[in-house]
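File shown: work_32.tsv. Contents: TSV, C-alpha atoms.
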```
chain	number	residue	atom	x	y	z
F	6	MET	CA	-12.42	170.52	-263.88
F	7	ALA	CA	-12.40	168.05	-260.98
F	8	ALA	CA	-12.60	164.38	-261.69
F	9	PRO	CA	-15.79	162.79	-260.59
F	10	ASP	CA	-15.70	160.67	-257.44
F	11	LEU	CA	-15.84	156.95	-258.28
F	12	PRO	CA	-17.06	154.29	-255.89
F	13	PRO	CA	-14.27	152.32	-254.25
F	14	ALA	CA	-13.28	149.10	-255.93
F	15	PRO	CA	-14.74	146.07	-254.17
F	16	ALA	CA	-12.25	144.11	-252.07
F	17	SER	CA	-11.14	140.86	-253.59
F	18	VAL	CA	-13.11	137.97	-252.16
F	19	PRO	CA	-11.14	134.74	-251.65
F	20	PRO	CA	-12.58	131.69	-253.37
F	21	PRO	CA	-14.72	129.46	-251.14
F	22	PRO	CA	-12.84	126.53	-249.62
F	23	THR	CA	-13.09	123.28	-251.39
F	24	LYS	CA	-15.29	120.91	-249.40
F	25	VAL	CA	-14.89	117.16	-249.36
F	26	GLY	CA	-18.23	115.85	-250.33
F	27	HIS	CA	-20.08	112.99	-248.76
F	28	ASN	CA	-18.85	110.72	-251.50
F	29	GLY	CA	-15.23	111.42	-250.52
F	30	HIS	CA	-15.89	110.57	-246.86
F	31	ARG	CA	-17.57	107.35	-247.85
F	32	ARG	CA	-14.67	106.38	-250.07
F	33	PHE	CA	-12.32	106.79	-247.07
F	34	TRP	CA	-14.40	105.26	-244.25
F	35	ARG	CA	-15.90	102.26	-245.97
F	36	PRO	CA	-12.59	100.36	-246.36
F	37	ALA	CA	-11.55	101.36	-242.83
F	38	VAL	CA	-14.80	100.09	-241.30
F	39	LEU	CA	-14.62	96.95	-243.38
F	40	LEU	CA	-11.03	96.31	-242.31
F	41	PHE	CA	-11.88	96.97	-238.67
F	42	GLY	CA	-14.82	94.55	-238.89
F	43	LEU	CA	-12.64	91.90	-240.45
F	44	VAL	CA	-10.06	92.27	-237.68
F	45	ILE	CA	-12.74	91.96	-234.99
F	46	SER	CA	-14.34	88.99	-236.73
F	47	ALA	CA	-10.99	87.24	-237.08
F	48	THR	CA	-10.17	87.89	-233.43
F	49	VAL	CA	-13.54	86.57	-232.25
F	50	ALA	CA	-13.25	83.56	-234.54
F	51	GLY	CA	-9.76	82.85	-233.19
F	52	VAL	CA	-10.94	83.04	-229.59
F	53	VAL	CA	-13.95	80.81	-230.29
F	54	HIS	CA	-11.79	78.31	-232.20
F	55	SER	CA	-9.29	78.22	-229.34
F	56	MET	CA	-12.06	77.68	-226.80
F	57	LEU	CA	-13.68	74.94	-228.87
F	58	GLY	CA	-10.29	73.33	-229.47
F	59	ALA	CA	-9.51	73.33	-225.75
F	60	GLU	CA	-12.94	71.87	-224.99
F	61	GLN	CA	-12.48	69.19	-227.67
F	62	ARG	CA	-9.04	68.30	-226.34
F	63	ALA	CA	-10.42	68.05	-222.82
F	64	GLN	CA	-13.21	65.77	-224.06
F	65	ASP	CA	-10.72	63.64	-226.01
F	66	ASP	CA	-8.45	63.35	-222.96
F	67	ALA	CA	-11.40	62.35	-220.78
F	68	ALA	CA	-12.54	59.79	-223.36
F	69	ARG	CA	-9.03	58.34	-223.64
F	70	GLN	CA	-8.69	58.12	-219.87
F	71	SER	CA	-12.10	56.47	-219.59
F	72	LEU	CA	-11.32	53.94	-222.31
F	73	SER	CA	-7.88	53.28	-220.87
F	74	ALA	CA	-9.32	52.67	-217.41
F	75	GLY	CA	-12.04	50.45	-218.87
F	76	LEU	CA	-9.51	48.43	-220.86
F	77	GLN	CA	-7.31	48.01	-217.79
F	78	ILE	CA	-10.29	46.69	-215.81
F	79	HIS	CA	-11.17	44.36	-218.69
F	80	ILE	CA	-7.63	42.95	-218.82
F	81	ASP	CA	-7.50	42.59	-215.04
F	82	ARG	CA	-10.69	40.53	-215.14
F	83	LYS	CA	-9.17	38.23	-217.73
F	84	LEU	CA	-5.98	37.88	-215.70
F	85	ALA	CA	-8.06	36.93	-212.67
F	86	MET	CA	-8.07	33.46	-214.25
F	87	LEU	CA	-4.36	33.15	-213.45
F	88	ARG	CA	-4.80	34.38	-209.88
F	89	TYR	CA	-7.64	31.93	-209.45
F	90	LEU	CA	-5.49	29.03	-210.66
F	91	ARG	CA	-2.55	30.11	-208.55
F	92	GLY	CA	-4.79	29.69	-205.53
F	93	LEU	CA	-5.20	26.09	-206.60
F	94	TYR	CA	-1.43	25.57	-206.53
F	95	ASP	CA	-1.01	27.50	-203.28
F	96	SER	CA	-3.53	25.21	-201.56
F	97	SER	CA	-2.33	21.89	-202.93
F	98	ASP	CA	0.94	19.97	-202.93
F	99	PHE	CA	0.10	18.37	-206.26
F	100	VAL	CA	-2.30	19.45	-209.00
F	101	SER	CA	-3.52	16.89	-211.49
F	102	ALA	CA	-4.65	17.49	-215.03
F	103	ASP	CA	-8.26	16.84	-213.99
F	104	GLU	CA	-8.06	19.44	-211.19
F	105	PHE	CA	-6.53	21.97	-213.54
F	106	LYS	CA	-9.27	21.38	-216.10
F	107	ARG	CA	-12.03	21.59	-213.49
F	108	PHE	CA	-10.74	24.85	-212.04
F	109	ALA	CA	-10.25	26.33	-215.50
F	110	GLN	CA	-13.82	25.45	-216.48
F	111	ILE	CA	-15.39	26.64	-213.21
F	112	ASN	CA	-13.91	30.11	-213.59
F	113	PRO	CA	-16.27	32.33	-215.67
F	114	SER	CA	-13.40	33.50	-217.86
F	115	GLY	CA	-12.98	29.94	-219.08
F	116	HIS	CA	-16.34	30.14	-220.85
F	117	GLU	CA	-15.67	33.43	-222.63
F	118	ARG	CA	-14.17	33.51	-226.09
F	119	GLN	CA	-12.33	30.22	-225.76
F	120	TRP	CA	-11.10	30.67	-229.30
F	121	TRP	CA	-8.71	33.37	-228.11
F	122	PHE	CA	-8.19	32.64	-224.41
F	123	THR	CA	-6.15	29.69	-223.10
F	124	VAL	CA	-4.39	28.94	-219.83
F	125	ALA	CA	-1.47	26.57	-219.37
F	126	TRP	CA	0.69	25.20	-216.57
F	127	ALA	CA	4.42	24.86	-217.21
F	128	PRO	CA	6.13	23.26	-214.19
F	129	ARG	CA	9.84	23.63	-213.65
F	130	GLN	CA	11.73	20.45	-214.50
F	131	ALA	CA	15.52	20.56	-214.27
F	132	GLY	CA	15.62	24.16	-215.44
F	133	ARG	CA	13.15	23.58	-218.26
F	134	PHE	CA	9.47	24.58	-218.42
F	135	PRO	CA	7.50	22.15	-220.59
F	136	ILE	CA	3.71	22.62	-220.84
F	137	ALA	CA	1.98	20.01	-218.70
F	138	TYR	CA	-1.67	21.14	-218.93
F	139	VAL	CA	-3.53	23.53	-221.23
F	140	GLU	CA	-7.21	24.53	-221.29
F	141	PRO	CA	-9.04	24.53	-223.60
F	142	PRO	CA	-6.93	21.73	-225.15
F	143	ARG	CA	-4.82	22.87	-228.09
F	144	PRO	CA	-3.09	20.19	-230.16
F	145	ALA	CA	-0.63	22.79	-231.41
F	146	LEU	CA	0.66	23.32	-227.87
F	147	SER	CA	1.00	19.65	-226.97
F	148	GLY	CA	4.34	19.40	-228.74
F	149	VAL	CA	5.95	22.37	-226.98
F	150	ALA	CA	8.91	20.88	-225.13
F	151	ASP	CA	10.23	23.94	-223.34
F	152	LEU	CA	8.60	27.36	-223.12
F	153	ALA	CA	11.89	28.89	-221.99
F	154	ALA	CA	13.32	28.07	-225.41
F	155	ASP	CA	11.05	30.70	-226.96
F	156	PRO	CA	12.80	34.11	-226.69
F	157	VAL	CA	9.61	36.16	-226.26
F	158	THR	CA	8.12	33.90	-223.60
F	159	ALA	CA	11.49	33.43	-221.89
F	160	ALA	CA	11.91	37.20	-221.53
F	161	ALA	CA	8.46	37.50	-219.94
F	162	MET	CA	9.21	34.56	-217.64
F	163	ARG	CA	12.43	36.16	-216.41
F	164	ARG	CA	10.65	39.45	-215.68
F	165	ALA	CA	7.78	37.68	-213.94
F	166	GLU	CA	10.17	35.72	-211.72
F	167	ALA	CA	12.14	38.85	-210.82
F	168	LEU	CA	9.04	40.96	-210.11
F	169	GLN	CA	7.08	38.09	-208.55
F	170	GLN	CA	3.94	39.14	-210.40
F	171	ILE	CA	2.07	38.83	-213.70
F	172	VAL	CA	4.00	40.13	-216.71
F	173	ILE	CA	2.66	40.67	-220.24
F	174	SER	CA	4.92	39.49	-223.05
F	175	ASP	CA	5.74	41.49	-226.15
F	176	PRO	CA	3.21	41.03	-228.98
F	177	ARG	CA	4.02	38.62	-231.77
F	178	PRO	CA	2.23	37.00	-234.72
F	179	ALA	CA	-0.44	34.52	-233.68
F	180	PRO	CA	0.18	31.15	-235.35
F	181	GLY	CA	-2.76	29.88	-237.36
F	182	HIS	CA	-4.99	32.87	-236.60
F	183	GLY	CA	-3.36	35.89	-238.17
F	184	GLY	CA	-3.05	39.07	-236.18
F	185	MET	CA	-1.00	39.31	-233.00
F	186	GLN	CA	-0.99	37.53	-229.66
F	187	ILE	CA	0.38	38.12	-226.17
F	188	GLU	CA	1.04	35.94	-223.14
F	189	ALA	CA	0.37	36.82	-219.53
F	190	VAL	CA	2.92	35.00	-217.38
F	191	MET	CA	2.47	34.40	-213.63
F	192	PRO	CA	5.17	32.73	-211.53
F	193	VAL	CA	4.16	30.15	-208.95
F	194	PHE	CA	6.41	29.75	-205.91
F	195	ALA	CA	6.50	27.04	-203.31
F	196	HIS	CA	4.46	28.05	-200.26
F	197	GLY	CA	3.17	30.98	-202.32
F	198	ASP	CA	5.98	33.33	-201.34
F	199	ALA	CA	9.29	33.77	-203.14
F	200	THR	CA	10.69	35.87	-200.28
F	201	ASP	CA	10.33	32.95	-197.89
F	202	ALA	CA	13.55	31.05	-197.29
F	203	ARG	CA	11.75	27.91	-198.40
F	204	GLY	CA	10.23	29.59	-201.42
F	205	ARG	CA	11.36	28.37	-204.81
F	206	LEU	CA	10.05	28.79	-208.32
F	207	GLU	CA	7.71	25.92	-209.10
F	208	GLY	CA	6.70	26.96	-212.60
F	209	PHE	CA	4.52	29.37	-214.54
F	210	LEU	CA	0.85	29.81	-215.27
F	211	ILE	CA	0.48	31.30	-218.73
F	212	ALA	CA	-2.56	32.81	-220.45
F	213	SER	CA	-2.39	33.26	-224.22
F	214	CYS	CA	-4.77	35.46	-226.17
F	215	ALA	CA	-5.11	37.14	-229.53
F	216	ILE	CA	-4.96	40.91	-229.26
F	217	ASP	CA	-7.83	41.44	-231.71
F	218	GLY	CA	-10.03	39.07	-229.69
F	219	LEU	CA	-9.18	40.91	-226.49
F	220	PHE	CA	-10.05	44.31	-227.96
F	221	ASP	CA	-13.14	43.06	-229.80
F	222	ASP	CA	-14.49	41.63	-226.57
F	223	PHE	CA	-13.73	44.87	-224.73
F	224	LEU	CA	-15.36	47.07	-227.39
F	225	GLN	CA	-18.50	44.92	-227.51
F	226	ARG	CA	-18.87	45.32	-223.75
F	227	ALA	CA	-17.99	49.01	-223.72
F	228	PHE	CA	-20.29	50.03	-226.59
F	229	THR	CA	-23.21	47.64	-226.31
```

Now that the file is in, can you turn its structure into structure tokens?
Amino acid sequence: MAAPDLPPAPASVPPPPTKVGHNGHRRFWRPAVLLFGLVISATVAGVVHSMLGAEQRAQDDAARQSLSAGLQIHIDRKLAMLRYLRGLYDSSDFVSADEFKRFAQINPSGHERQWWFTVAWAPRQAGRFPIAYVEPPRPALSGVADLAADPVTAAAMRRAEALQQIVISDPRPAPGHGGMQIEAVMPVFAHGDATDARGRLEGFLIASCAIDGLFDDFLQRAFT
């Protein structure tokens, strides 16, 4: 007896591939996007910071240059007192104490901050430079026998004579006032010219001022 025909066995079906769900994709991409955003943000922040820093430095440099130029002009105006008085000596064979006082008072600088600004004449006498006149009068300076005996002033006097122009001394403590002071030293030559064969050093015009007074006056004018 023949065996009955049986239907063929169904072919084995492979299991469906495992799919990565939406949750898996999110777990992978969220940190990557976040990291990418942080990198871009840091880069942009760095560029902006660099640009702002460069702009700030440029503004600081411009401000420093402006203040420096303004301070130089301010100092030059104060030193004009010495140039003004040198004209007195260039135009006269002999200058008296009364003439010196009158010229010092006529100049506008003589009326500004007299508590920190003084001018003095120290004529050359046998190699020494005693103070002959000083305006405004300062009793503390009347006993100075020889300016060249002071190392700081003497150094400025030597430079001024060699350069034939105004020289600023090194700062030093201001006696009786606290703070620091400087001297502006201008040489005066016979006939107004040291290069002339007849020219000889006659003495020095000296302006003394307290540094804090100089800067306070400048700042009050600059930032009124």

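Between F:Gln130 and the candidates F:Pro142, F:Gly42, F:Gly51, F:Gly208, the tightest atom-to-atom separation, counting only C-alpha atoms, involves F:Gly208.
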
Next item on the list: Can you pull out every residue within 8 Å of F:Leu87, counting all atoms listed in the file, but drop anything in the same chain fewer than 2 positions away, and send it as an MDAnalysis selection string?
Entry: chainID F and resid 84:85 89:91 124 191 210:212

Margin query: Need to verify the contact set: F:Thr123, 6 Å, all atoms listed in the file, exclusion of same-chain residues closer than 3 positions in sequence. Can you return it as a ChimeraX atom specification?
Written below: /F:140-141,212-213

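Of the listed residues (F:Glu188, F:Asp151, F:Glu207, F:Asp66), F:Glu188 comes nearest to F:Lys83; the distances count all atoms listed in the file.
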
Notebook entry, point to check: Contacts of F:Asp217 at 8 Å or less, counting only C-alpha atoms, minus same-chain residues fewer than 4 places along, as JSON, numbers by chain?
Noted result: {"F": [184, 185, 221]}

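For the residues F:Val157, F:Leu72, F:Ala131, F:Ile136, ranking by smallest atom-to-atom distance to F:Leu206 using only C-alpha atoms places F:Ala131 first.
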
Note to self: Every residue with an atom at most 12 Å from (-9.1, 27.2, -204.9) (file coordinates; all atoms listed in the file) is what I'm after, so could you write them as a count of residues only?
What the structure shows: 20

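As for atom CA of F:Ala195 and atom CA of F:Arg129, they are spaced 11.4 Å apart.
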
Next item on the list: Between atom CA of F:Leu43 and atom CA of F:Gly58, measure the distance and give it in Å to one decimal.
Entry: 21.7 Å

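For the choices F:Arg69, F:Gln169, F:Ala63, F:Phe209, the atom-to-atom distance to F:Phe134 is smallest for F:Phe209 when using all atoms listed in the file.
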
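In terms of minimum interatomic distance to F:Ala154, F:Arg133 ranks closest within F:Arg82, F:Asp103, F:Arg133, F:Ala74, counting all atoms listed in the file.
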
Notebook entry, point to check: In terms of the shortest atom-to-atom distance over all atoms listed in the file, which of F:Cys214, F:Ala167, F:Phe228, F:Ser174 is closest to F:Asp155?
Noted result: F:Ser174

Box in all listed atoms of stretch 56-68 of chain F, axis-aligned, with 4 Å more on each side; write out centre and edge lengths in Å to one decimal as lines of an AutoDock Vina configuration file.
```
center_x = -11.1
center_y = 68.7
center_z = -225.1
size_x = 13.2
size_y = 25.9
size_z = 16.7
```

Checklist line | Sphere at (9.2, 35.0, -226.0), radius 12 Å, counting only C-alpha atoms: residues as JSON, numbers by chain | finding: {"F": [151, 152, 153, 154, 155, 156, 157, 158, 159, 160, 161, 162, 163, 164, 172, 173, 174, 175, 176, 177, 178, 186, 187, 188, 189, 190, 211, 213]}

Check: When you draw a straight line from atom CA of F:Ile216 to atom CA of F:Ser73, how long is it in Å?
Finding: 15.2 Å

Checklist line | Who sits within 10 Å of F:Leu76, all atoms listed in the file, same chain under 3 positions skipped, as a PyMOL selection string | finding: chain F and resi 70-73+79-82+219-220+223-224+227
